[in-house]
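S.K.: Here you go, entry_0.cif (mmCIF, C-alpha atoms and all ligand atoms):
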```cif
data_coords
loop_
_atom_site.label_atom_id
_atom_site.label_comp_id
_atom_site.auth_asym_id
_atom_site.auth_seq_id
_atom_site.Cartn_x
_atom_site.Cartn_y
_atom_site.Cartn_z
CA MET A 14 -3.32 50.19 23.79
CA ALA A 15 -3.90 47.71 20.97
CA ASN A 16 -0.63 45.93 20.57
CA ILE A 17 0.72 42.48 19.81
CA GLU A 18 4.06 40.88 20.58
CA PRO A 19 6.20 41.14 17.43
CA ALA A 20 6.74 37.73 15.82
CA GLN A 21 8.85 36.18 13.08
CA VAL A 22 6.48 33.97 11.13
CA PRO A 23 7.60 31.25 8.72
CA VAL A 24 5.86 31.61 5.35
CA LYS A 25 6.36 29.88 2.04
CA GLY A 26 9.87 30.78 0.83
CA GLY A 27 11.10 32.53 4.00
CA THR A 28 10.06 34.46 7.05
CA VAL A 29 8.16 37.68 7.62
CA ALA A 30 7.97 39.84 10.72
CA ILE A 31 4.50 40.67 12.01
CA ARG A 32 4.09 43.53 14.44
CA THR A 33 1.89 46.45 15.43
CA ALA A 34 2.21 49.36 12.99
CA ARG A 35 3.91 52.55 14.15
CA GLY A 36 3.91 56.09 12.83
CA GLY A 37 7.21 55.54 11.05
CA ASP A 38 5.55 52.92 8.84
CA ALA A 39 3.45 55.57 7.05
CA VAL A 40 5.79 55.84 4.05
CA GLY A 41 5.84 52.06 3.56
CA VAL A 42 2.07 51.74 3.97
CA ILE A 43 1.48 54.49 1.38
CA ALA A 44 3.86 52.75 -1.03
CA LEU A 45 1.94 49.49 -0.54
CA ASN A 46 -1.44 51.22 -1.02
CA ARG A 47 -0.26 52.83 -4.24
CA HIS A 48 0.93 49.49 -5.52
CA LEU A 49 -2.43 47.88 -4.63
CA THR A 50 -4.58 50.38 -6.52
CA SER A 51 -3.55 48.77 -9.80
CA TRP A 52 -5.20 45.59 -8.62
CA GLU A 53 -8.63 44.65 -9.99
CA PHE A 54 -10.42 44.28 -6.62
CA SER A 55 -9.17 47.52 -5.13
CA LEU A 56 -12.02 49.67 -3.76
CA VAL A 57 -10.25 52.95 -4.45
CA GLU A 58 -8.44 54.33 -7.44
CA LEU A 59 -4.96 55.81 -7.33
CA ASP A 60 -6.05 59.46 -7.31
CA GLU A 61 -8.41 58.70 -4.41
CA THR A 62 -5.70 57.46 -2.03
CA SER A 63 -4.12 59.85 0.40
CA GLY A 64 -0.39 60.19 0.03
CA ASP A 65 0.02 62.42 3.08
CA VAL A 66 2.68 60.76 5.22
CA GLN A 67 2.13 62.94 8.28
CA GLU A 68 -1.64 62.43 8.20
CA LEU A 69 -1.25 58.65 8.01
CA ALA A 70 1.47 58.61 10.69
CA THR A 71 -0.91 60.44 13.04
CA GLU A 72 -3.74 58.05 12.16
CA ILE A 73 -1.50 55.04 12.88
CA GLU A 74 -0.32 56.48 16.21
CA LYS A 75 -3.94 57.11 17.16
CA ALA A 76 -4.82 53.49 16.32
CA VAL A 77 -2.00 52.19 18.50
CA SER A 78 -3.27 54.17 21.48
CA ASP A 79 -6.90 53.06 20.91
CA PRO A 80 -7.67 49.75 22.66
CA GLN A 81 -10.47 49.02 20.14
CA HIS A 82 -8.20 49.39 17.13
CA LEU A 83 -5.50 47.03 15.87
CA ARG A 84 -3.22 47.90 13.03
CA LEU A 85 -0.66 45.32 11.93
CA VAL A 86 2.07 45.24 9.31
CA ALA A 87 3.98 42.34 7.79
CA ILE A 88 7.58 43.08 6.88
CA GLY A 89 9.33 41.06 4.17
CA GLY A 90 12.98 41.96 3.64
CA GLU A 91 13.06 45.69 4.32
CA SER A 92 9.56 46.49 3.07
CA ILE A 93 6.00 46.50 4.31
CA VAL A 94 4.39 43.72 2.27
CA GLY A 95 1.06 43.43 4.07
CA THR A 96 -1.28 45.39 6.31
CA LEU A 97 -4.30 44.54 8.44
CA ASP A 98 -6.52 47.17 10.01
CA PHE A 99 -9.18 46.21 12.57
CA ALA A 100 -11.45 48.70 14.30
CA ALA A 101 -14.37 48.35 16.71
CA PRO A 102 -16.49 51.12 18.19
CA GLY A 103 -16.16 52.05 21.85
CA LYS A 104 -19.84 52.34 22.84
CA ARG A 105 -20.97 49.57 25.21
CA ARG A 106 -23.76 48.10 23.04
CA ILE A 107 -21.57 47.69 19.97
CA ARG A 108 -18.02 47.42 21.25
CA HIS A 109 -18.05 43.60 20.98
CA ARG A 110 -17.80 43.64 17.19
CA GLY A 111 -15.41 45.18 14.75
CA ARG A 112 -14.39 45.00 11.15
CA PHE A 113 -11.08 44.50 9.40
CA GLY A 114 -9.48 45.04 6.02
CA ILE A 115 -6.35 43.33 4.74
CA ALA A 116 -4.05 43.59 1.76
CA ILE A 117 -0.86 41.85 0.72
CA ALA A 118 1.54 43.07 -1.99
CA ALA A 119 0.90 41.15 -5.22
CA GLU A 120 4.26 39.39 -5.37
CA TRP A 121 3.90 38.20 -1.76
CA ARG A 122 0.43 36.65 -2.06
CA GLY A 123 -0.21 32.96 -1.62
CA ARG A 124 2.67 32.46 0.82
CA GLY A 125 0.70 32.47 4.07
CA ILE A 126 1.12 36.13 5.07
CA GLY A 127 -2.62 36.91 4.97
CA THR A 128 -3.27 33.82 7.09
CA ALA A 129 -0.59 34.88 9.59
CA LEU A 130 -1.97 38.43 9.90
CA ILE A 131 -5.56 37.22 10.35
CA ASN A 132 -4.50 34.62 12.93
CA ALA A 133 -2.57 37.29 14.84
CA MET A 134 -5.73 39.45 14.91
CA ILE A 135 -7.88 36.51 16.05
CA SER A 136 -5.56 35.66 18.96
CA TRP A 137 -5.43 39.32 19.96
CA ALA A 138 -9.25 39.47 19.85
CA ARG A 139 -9.57 36.30 21.97
CA GLY A 140 -7.58 38.01 24.71
CA HIS A 141 -9.45 41.31 24.40
CA PRO A 142 -11.92 42.23 27.15
CA HIS A 143 -14.73 43.18 24.73
CA ILE A 144 -14.21 41.90 21.18
CA GLU A 145 -16.31 38.82 20.39
CA LYS A 146 -17.21 39.10 16.73
CA ILE A 147 -14.96 39.97 13.80
CA ARG A 148 -16.45 40.86 10.47
CA LEU A 149 -15.36 41.88 7.00
CA GLY A 150 -16.78 42.80 3.63
CA VAL A 151 -15.47 41.31 0.40
CA LEU A 152 -16.40 41.67 -3.26
CA ALA A 153 -18.48 38.64 -4.33
CA LYS A 154 -16.16 38.06 -7.28
CA ASN A 155 -13.11 37.85 -5.00
CA THR A 156 -13.62 34.11 -4.68
CA ARG A 157 -10.06 33.26 -3.62
CA ALA A 158 -10.22 35.69 -0.72
CA ILE A 159 -13.64 34.28 0.28
CA ALA A 160 -12.16 30.75 0.20
CA LEU A 161 -9.35 31.90 2.49
CA TYR A 162 -11.76 33.52 4.98
CA GLU A 163 -13.91 30.37 5.04
CA ARG A 164 -10.82 28.24 5.67
CA LEU A 165 -10.00 30.48 8.64
CA GLY A 166 -13.49 30.11 10.15
CA PHE A 167 -15.46 33.06 8.72
CA ALA A 168 -18.96 32.49 7.33
CA GLU A 169 -21.24 34.63 5.19
CA GLU A 170 -23.89 36.43 7.24
CA ALA A 171 -25.33 38.87 4.70
CA ARG A 172 -24.95 40.20 1.21
CA ARG A 173 -25.60 43.67 -0.19
CA ALA A 174 -26.45 43.82 -3.86
CA GLY A 175 -24.60 46.08 -6.28
CA GLU A 176 -22.44 47.79 -3.65
CA PHE A 177 -19.48 48.28 -5.99
CA VAL A 178 -19.11 49.50 -9.54
CA LEU A 179 -15.96 48.03 -11.06
CA GLY A 180 -13.67 49.55 -13.67
CA ASP A 181 -15.58 47.89 -16.52
CA GLY A 182 -18.92 49.31 -15.32
CA THR A 183 -20.25 46.04 -13.88
CA TYR A 184 -21.81 45.92 -10.42
CA CYS A 185 -20.62 43.60 -7.71
CA ASP A 186 -22.22 42.46 -4.45
CA ASP A 187 -20.64 43.02 -1.05
CA VAL A 188 -20.40 39.74 0.86
CA MET A 189 -20.37 40.27 4.61
CA MET A 190 -18.63 37.55 6.57
CA CYS A 191 -18.10 37.12 10.27
CA MET A 192 -16.53 34.93 12.90
CA TRP A 193 -17.31 34.68 16.61
CA VAL A 194 -13.96 34.43 18.37
CA LYS A 195 -15.42 33.61 21.78
CA PRO A 196 -18.45 31.53 22.79
CA ARG A 197 -21.45 33.53 21.68
CA GLY A 198 -23.61 35.06 24.36
CA GLY A 199 -27.37 35.88 24.26
C1 LIG A 201 -6.74 38.04 -0.08
C2 LIG A 201 -5.33 38.21 0.52
C3 LIG A 201 -5.41 39.20 1.66
C4 LIG A 201 -4.86 36.86 1.06
O1 LIG A 201 -3.56 37.00 1.58
P1 LIG A 201 -2.42 35.96 1.15
O2 LIG A 201 -1.21 36.26 1.91
O3 LIG A 201 -2.32 35.93 -0.32
O4 LIG A 201 -3.13 34.61 1.67
P2 LIG A 201 -2.41 33.29 2.17
O5 LIG A 201 -1.15 33.09 1.42
O6 LIG A 201 -2.38 33.26 3.64
O7 LIG A 201 -3.47 32.21 1.74
C5 LIG A 201 -3.55 31.85 0.37
C6 LIG A 201 -4.99 31.83 -0.01
O8 LIG A 201 -5.42 33.18 -0.16
C7 LIG A 201 -6.39 33.25 -1.12
N1 LIG A 201 -6.06 34.27 -2.12
C8 LIG A 201 -6.91 35.26 -2.45
N2 LIG A 201 -6.39 36.03 -3.37
C9 LIG A 201 -5.16 35.53 -3.65
C10 LIG A 201 -4.12 35.92 -4.56
N3 LIG A 201 -4.27 36.97 -5.39
N4 LIG A 201 -2.97 35.22 -4.57
C11 LIG A 201 -2.82 34.15 -3.75
N5 LIG A 201 -3.77 33.74 -2.87
C12 LIG A 201 -4.93 34.42 -2.84
C13 LIG A 201 -6.53 31.88 -1.69
O9 LIG A 201 -7.64 31.26 -1.03
C14 LIG A 201 -5.26 31.19 -1.33
O10 LIG A 201 -5.47 29.85 -1.19
P3 LIG A 201 -5.08 28.86 -2.41
O11 LIG A 201 -3.60 29.00 -2.53
O12 LIG A 201 -5.56 27.55 -1.91
O13 LIG A 201 -5.82 29.38 -3.60
C15 LIG A 201 -4.32 38.70 -0.54
O14 LIG A 201 -4.23 37.76 -1.57
C16 LIG A 201 -4.62 40.07 -1.11
O15 LIG A 201 -4.16 41.08 -0.61
N6 LIG A 201 -5.37 40.12 -2.16
C17 LIG A 201 -5.68 41.38 -2.78
C18 LIG A 201 -6.52 42.32 -1.90
C19 LIG A 201 -7.72 41.64 -1.32
O16 LIG A 201 -8.37 40.81 -1.96
N7 LIG A 201 -8.00 41.98 -0.07
C20 LIG A 201 -9.11 41.41 0.62
C21 LIG A 201 -10.29 42.25 0.41
S1 LIG A 201 -11.57 41.70 1.50
#
```
If you convert what's in this file into structure tokens, what do you get?
Ligand SMILES: CC(C)(COP(=O)(O)OP(=O)(O)OC[C@H]1O[C@@H](n2cnc3c(N)ncnc32)[C@H](O)[C@@H]1OP(=O)(O)O)[C@@H](O)C(=O)NCCC(=O)NCCS
M.R.:
Amino acid sequence: MANIEPAQVPVKGGTVAIRTARGGDAVGVIALNRHLTSWEFSLVELDETSGDVQELATEIEKAVSDPQHLRLVAIGGESIVGTLDFAAPGKRRIRHRGRFGIAIAAEWRGRGIGTALINAMISWARGHPHIEKIRLGVLAKNTRAIALYERLGFAEEARRAGEFVLGDGTYCDDVMMCMWVKPRGG
């Protein structure tokens, strides 16, 4: 089971709780996703997000019972203000690497919540029997997010040209970044 010890984390202007997501968080996660679709770097548009609470609750419960999957939420006040979703395959030749996505509600950004979620994932990965490499993909124009990932130890390993078409019709590269969380073998 992919799980972390719940923690109260000090962030700029207060404290947030960081814990493993549970099925009951589905409503809050959907609300956060809907709020995020208005944001310029979102990869999906509002009518492309699933609003099915039961479907998401089942997906979250499945993640919690999958040792290769970590799903975290950050709670500010009474609401879910951030999510992080990491998944790695189970097959032996590829189970050492996985990928994550992260999003923080607009009004909660820049307070250290993204950093806290990513650090929680990294410490979980360091204690994991298989995970060695964490990777992510980010729009090339999302320079602030790239700066954050570099500060946390991620480095660019590849770039795919024109992977995204943005609302204004322009194309944007996908920057693939990674971090080895344990001494690298082979
Ligand atoms: C990128 C993101 C996850 C970072 O989380 P966060 O909680 O804002 O990050 P932290 O407060 O821990 O760290 C702050 C740093 O995040 C980066 N950052 C990226 N986008 C930011 C934003 N919109 N507002 C504030 N900080 C942002 C900056 O590097 C900032 O450092 P700075 O203050 O020196 O500029 C968050 O801003 C977010 O959800 N953005 C929109 C969705 C997104 O870009 N997801 C990542 C796709 S790969």
S.K.: Using all atoms listed in the file, what are the residues with an atom within 10 Å of ligand LIG 201 (chain A), set out as a PyMOL selection string?
M.R.: chain A and resi 24-25+49-50+52-56+87+94-97+113-132+149-165+187-190
S.K.: Where's the centre, and what are the edge lengths in Å to one decimal, of a box along x, y and z enclosing all listed atoms of range 140-150 of chain A padded 4 Å per side, as AutoDock Vina command-line options?
M.R.:
```
--center_x -12.4 --center_y 40.6 --center_z 15.4 --size_x 17.6 --size_y 13.2 --size_z 31.5
```
S.K.: Go through A:Arg110, A:Arg47, A:Arg173, A:His143 one by one, measure the shortest atom-to-atom distance of each to Trp193 in chain A using all atoms listed in the file, and give the residue with the smallest value.
M.R.: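 The closest residue to Trp193 in chain A is A:Arg110.
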S.K.: Ranking A:Cys191, A:Leu45, A:Leu59, A:Ile88 by minimum distance to Ile135 in chain A and counting only C-alpha atoms, which one comes first?
M.R.: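 Of A:Cys191, A:Leu45, A:Leu59, A:Ile88, the one nearest Ile135 in chain A is A:Cys191, counting only C-alpha atoms.
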S.K.: Within 9 Å of Pro102 in chain A, counting all atoms listed in the file, which residues qualify if same-chain residues fewer than 6 places away don't, as number ranges by chain?
M.R.: A: 81-82, 108-111
S.K.: I'd like the interatomic distance between CA of Arg139 in chain A and CA of Arg172 in chain A, to a tenth of an Å.
M.R.: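 Interatomic distance, CA of Arg139 in chain A to CA of Arg172 in chain A: 26.1 Å.
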S.K.: Enter the distance from CA of Ile144 in chain A to CA of Arg197 in chain A, in Å, rounded to one decimal.
M.R.: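 One can read the CA of Ile144 in chain A to CA of Arg197 in chain A distance as 11.1 Å.
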S.K.: From the options A:Ala70, A:Leu83, A:Arg105, A:Lys195, which residue's atoms come nearest to Lys146 in chain A, counting all atoms listed in the file?
M.R.: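 Using all atoms listed in the file, the shortest distance to Lys146 in chain A belongs to A:Lys195.
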S.K.: Between A:Val77, A:Ile147, A:Gly140, A:Val57, which residue has the minimum interatomic distance to Ala168 in chain A, considering only C-alpha atoms?
M.R.: A:Ile147
S.K.: Have a look at A:Val40, A:Pro196, A:Val86, A:Glu91 and name the one nearest to Glu68 in chain A; count all atoms listed in the file.
M.R.: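 For Glu68 in chain A, the nearest of the given residues is A:Val40.
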S.K.: Would you compute the distance between CA of Ile31 in chain A and CA of Ile93 in chain A? Give it in Å to one decimal.
M.R.: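 So the two atoms, CA of Ile31 in chain A and CA of Ile93 in chain A, lie 9.8 Å apart.
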S.K.: For Gly103 in chain A, which residue out of A:Ile73, A:Asp79, A:Arg148, A:Gly182 is the nearest one, using only C-alpha atoms?
M.R.: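 Closest residue, counting only C-alpha atoms: A:Asp79.
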S.K.: Would you be able to write out as a list in words which residues have an atom within 9 Å of (-24.8, 37.9, -8.1) in the file's coordinates, counting all atoms listed in the file?
M.R.: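 Output of the proximity query reads Ala153, Lys154, Ala174, Gly175, Tyr184, Cys185 and Asp186 of chain A.
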S.K.: Using the incomplete input, complete range 72-103 of chain A to the level of N, CA and C atoms; output as a PDB file, in the coordinates of the input.
M.R.:
```pdb
ATOM      1  N   GLU A  72      -2.642  59.027  12.107  1.00  0.00           N
ATOM      2  CA  GLU A  72      -3.740  58.050  12.160  1.00  0.00           C
ATOM      3  C   GLU A  72      -3.251  56.728  12.767  1.00  0.00           C
ATOM      4  N   ILE A  73      -2.054  56.303  12.362  1.00  0.00           N
ATOM      5  CA  ILE A  73      -1.500  55.040  12.880  1.00  0.00           C
ATOM      6  C   ILE A  73      -1.234  55.173  14.383  1.00  0.00           C
ATOM      7  N   GLU A  74      -0.627  56.278  14.785  1.00  0.00           N
ATOM      8  CA  GLU A  74      -0.320  56.480  16.210  1.00  0.00           C
ATOM      9  C   GLU A  74      -1.602  56.471  17.040  1.00  0.00           C
ATOM     10  N   LYS A  75      -2.655  57.060  16.469  1.00  0.00           N
ATOM     11  CA  LYS A  75      -3.940  57.110  17.160  1.00  0.00           C
ATOM     12  C   LYS A  75      -4.488  55.680  17.320  1.00  0.00           C
ATOM     13  N   ALA A  76      -4.329  54.881  16.270  1.00  0.00           N
ATOM     14  CA  ALA A  76      -4.820  53.490  16.320  1.00  0.00           C
ATOM     15  C   ALA A  76      -4.084  52.727  17.418  1.00  0.00           C
ATOM     16  N   VAL A  77      -2.794  52.936  17.521  1.00  0.00           N
ATOM     17  CA  VAL A  77      -2.000  52.190  18.500  1.00  0.00           C
ATOM     18  C   VAL A  77      -2.427  52.545  19.926  1.00  0.00           C
ATOM     19  N   SER A  78      -2.877  53.792  20.116  1.00  0.00           N
ATOM     20  CA  SER A  78      -3.270  54.170  21.480  1.00  0.00           C
ATOM     21  C   SER A  78      -4.762  53.919  21.742  1.00  0.00           C
ATOM     22  N   ASP A  79      -5.476  53.354  20.748  1.00  0.00           N
ATOM     23  CA  ASP A  79      -6.900  53.060  20.910  1.00  0.00           C
ATOM     24  C   ASP A  79      -7.062  51.562  21.174  1.00  0.00           C
ATOM     25  N   PRO A  80      -7.569  51.177  22.340  1.00  0.00           N
ATOM     26  CA  PRO A  80      -7.670  49.750  22.660  1.00  0.00           C
ATOM     27  C   PRO A  80      -8.644  48.979  21.764  1.00  0.00           C
ATOM     28  N   GLN A  81      -9.494  49.690  21.017  1.00  0.00           N
ATOM     29  CA  GLN A  81     -10.470  49.020  20.140  1.00  0.00           C
ATOM     30  C   GLN A  81      -9.961  48.919  18.694  1.00  0.00           C
ATOM     31  N   HIS A  82      -8.719  49.299  18.488  1.00  0.00           N
ATOM     32  CA  HIS A  82      -8.200  49.390  17.130  1.00  0.00           C
ATOM     33  C   HIS A  82      -6.884  48.603  17.048  1.00  0.00           C
ATOM     34  N   LEU A  83      -6.765  47.759  16.055  1.00  0.00           N
ATOM     35  CA  LEU A  83      -5.500  47.030  15.870  1.00  0.00           C
ATOM     36  C   LEU A  83      -5.013  47.239  14.456  1.00  0.00           C
ATOM     37  N   ARG A  84      -3.776  47.657  14.356  1.00  0.00           N
ATOM     38  CA  ARG A  84      -3.220  47.900  13.030  1.00  0.00           C
ATOM     39  C   ARG A  84      -1.917  47.132  12.940  1.00  0.00           C
ATOM     40  N   LEU A  85      -1.849  46.173  12.028  1.00  0.00           N
ATOM     41  CA  LEU A  85      -0.660  45.320  11.930  1.00  0.00           C
ATOM     42  C   LEU A  85       0.024  45.508  10.589  1.00  0.00           C
ATOM     43  N   VAL A  86       1.339  45.272  10.586  1.00  0.00           N
ATOM     44  CA  VAL A  86       2.070  45.240   9.310  1.00  0.00           C
ATOM     45  C   VAL A  86       2.861  43.942   9.252  1.00  0.00           C
ATOM     46  N   ALA A  87       3.079  43.475   8.018  1.00  0.00           N
ATOM     47  CA  ALA A  87       3.980  42.340   7.790  1.00  0.00           C
ATOM     48  C   ALA A  87       5.175  42.896   7.027  1.00  0.00           C
ATOM     49  N   ILE A  88       6.358  42.570   7.511  1.00  0.00           N
ATOM     50  CA  ILE A  88       7.580  43.080   6.880  1.00  0.00           C
ATOM     51  C   ILE A  88       8.310  41.914   6.211  1.00  0.00           C
ATOM     52  N   GLY A  89       8.552  42.060   4.917  1.00  0.00           N
ATOM     53  CA  GLY A  89       9.330  41.060   4.170  1.00  0.00           C
ATOM     54  C   GLY A  89      10.573  41.759   3.658  1.00  0.00           C
ATOM     55  N   GLY A  90      11.747  41.230   3.976  1.00  0.00           N
ATOM     56  CA  GLY A  90      12.980  41.960   3.640  1.00  0.00           C
ATOM     57  C   GLY A  90      12.956  43.269   4.398  1.00  0.00           C
ATOM     58  N   GLU A  91      13.057  44.371   3.662  1.00  0.00           N
ATOM     59  CA  GLU A  91      13.060  45.690   4.320  1.00  0.00           C
ATOM     60  C   GLU A  91      11.714  46.401   4.152  1.00  0.00           C
ATOM     61  N   SER A  92      10.782  45.753   3.447  1.00  0.00           N
ATOM     62  CA  SER A  92       9.560  46.490   3.070  1.00  0.00           C
ATOM     63  C   SER A  92       8.310  45.995   3.777  1.00  0.00           C
ATOM     64  N   ILE A  93       7.325  46.888   3.830  1.00  0.00           N
ATOM     65  CA  ILE A  93       6.000  46.500   4.310  1.00  0.00           C
ATOM     66  C   ILE A  93       5.297  45.790   3.149  1.00  0.00           C
ATOM     67  N   VAL A  94       4.978  44.510   3.351  1.00  0.00           N
ATOM     68  CA  VAL A  94       4.390  43.720   2.270  1.00  0.00           C
ATOM     69  C   VAL A  94       2.938  43.347   2.551  1.00  0.00           C
ATOM     70  N   GLY A  95       2.454  43.710   3.747  1.00  0.00           N
ATOM     71  CA  GLY A  95       1.060  43.430   4.070  1.00  0.00           C
ATOM     72  C   GLY A  95       0.597  44.306   5.213  1.00  0.00           C
ATOM     73  N   THR A  96      -0.706  44.614   5.195  1.00  0.00           N
ATOM     74  CA  THR A  96      -1.280  45.390   6.310  1.00  0.00           C
ATOM     75  C   THR A  96      -2.628  44.791   6.682  1.00  0.00           C
ATOM     76  N   LEU A  97      -2.961  44.926   7.945  1.00  0.00           N
ATOM     77  CA  LEU A  97      -4.300  44.540   8.440  1.00  0.00           C
ATOM     78  C   LEU A  97      -4.742  45.638   9.381  1.00  0.00           C
ATOM     79  N   ASP A  98      -5.993  46.064   9.201  1.00  0.00           N
ATOM     80  CA  ASP A  98      -6.520  47.170  10.010  1.00  0.00           C
ATOM     81  C   ASP A  98      -7.869  46.744  10.579  1.00  0.00           C
ATOM     82  N   PHE A  99      -7.931  46.605  11.894  1.00  0.00           N
ATOM     83  CA  PHE A  99      -9.180  46.210  12.570  1.00  0.00           C
ATOM     84  C   PHE A  99      -9.640  47.363  13.445  1.00  0.00           C
ATOM     85  N   ALA A 100     -10.941  47.653  13.418  1.00  0.00           N
ATOM     86  CA  ALA A 100     -11.450  48.700  14.300  1.00  0.00           C
ATOM     87  C   ALA A 100     -12.834  48.322  14.811  1.00  0.00           C
ATOM     88  N   ALA A 101     -13.057  48.562  16.091  1.00  0.00           N
ATOM     89  CA  ALA A 101     -14.370  48.350  16.710  1.00  0.00           C
ATOM     90  C   ALA A 101     -14.760  49.637  17.407  1.00  0.00           C
ATOM     91  N   PRO A 102     -16.061  49.906  17.489  1.00  0.00           N
ATOM     92  CA  PRO A 102     -16.490  51.120  18.190  1.00  0.00           C
ATOM     93  C   PRO A 102     -16.275  50.988  19.694  1.00  0.00           C
ATOM     94  N   GLY A 103     -16.399  52.083  20.414  1.00  0.00           N
ATOM     95  CA  GLY A 103     -16.160  52.050  21.850  1.00  0.00           C
ATOM     96  C   GLY A 103     -17.434  51.992  22.689  1.00  0.00           C
TER      97      GLY A 103
END
```
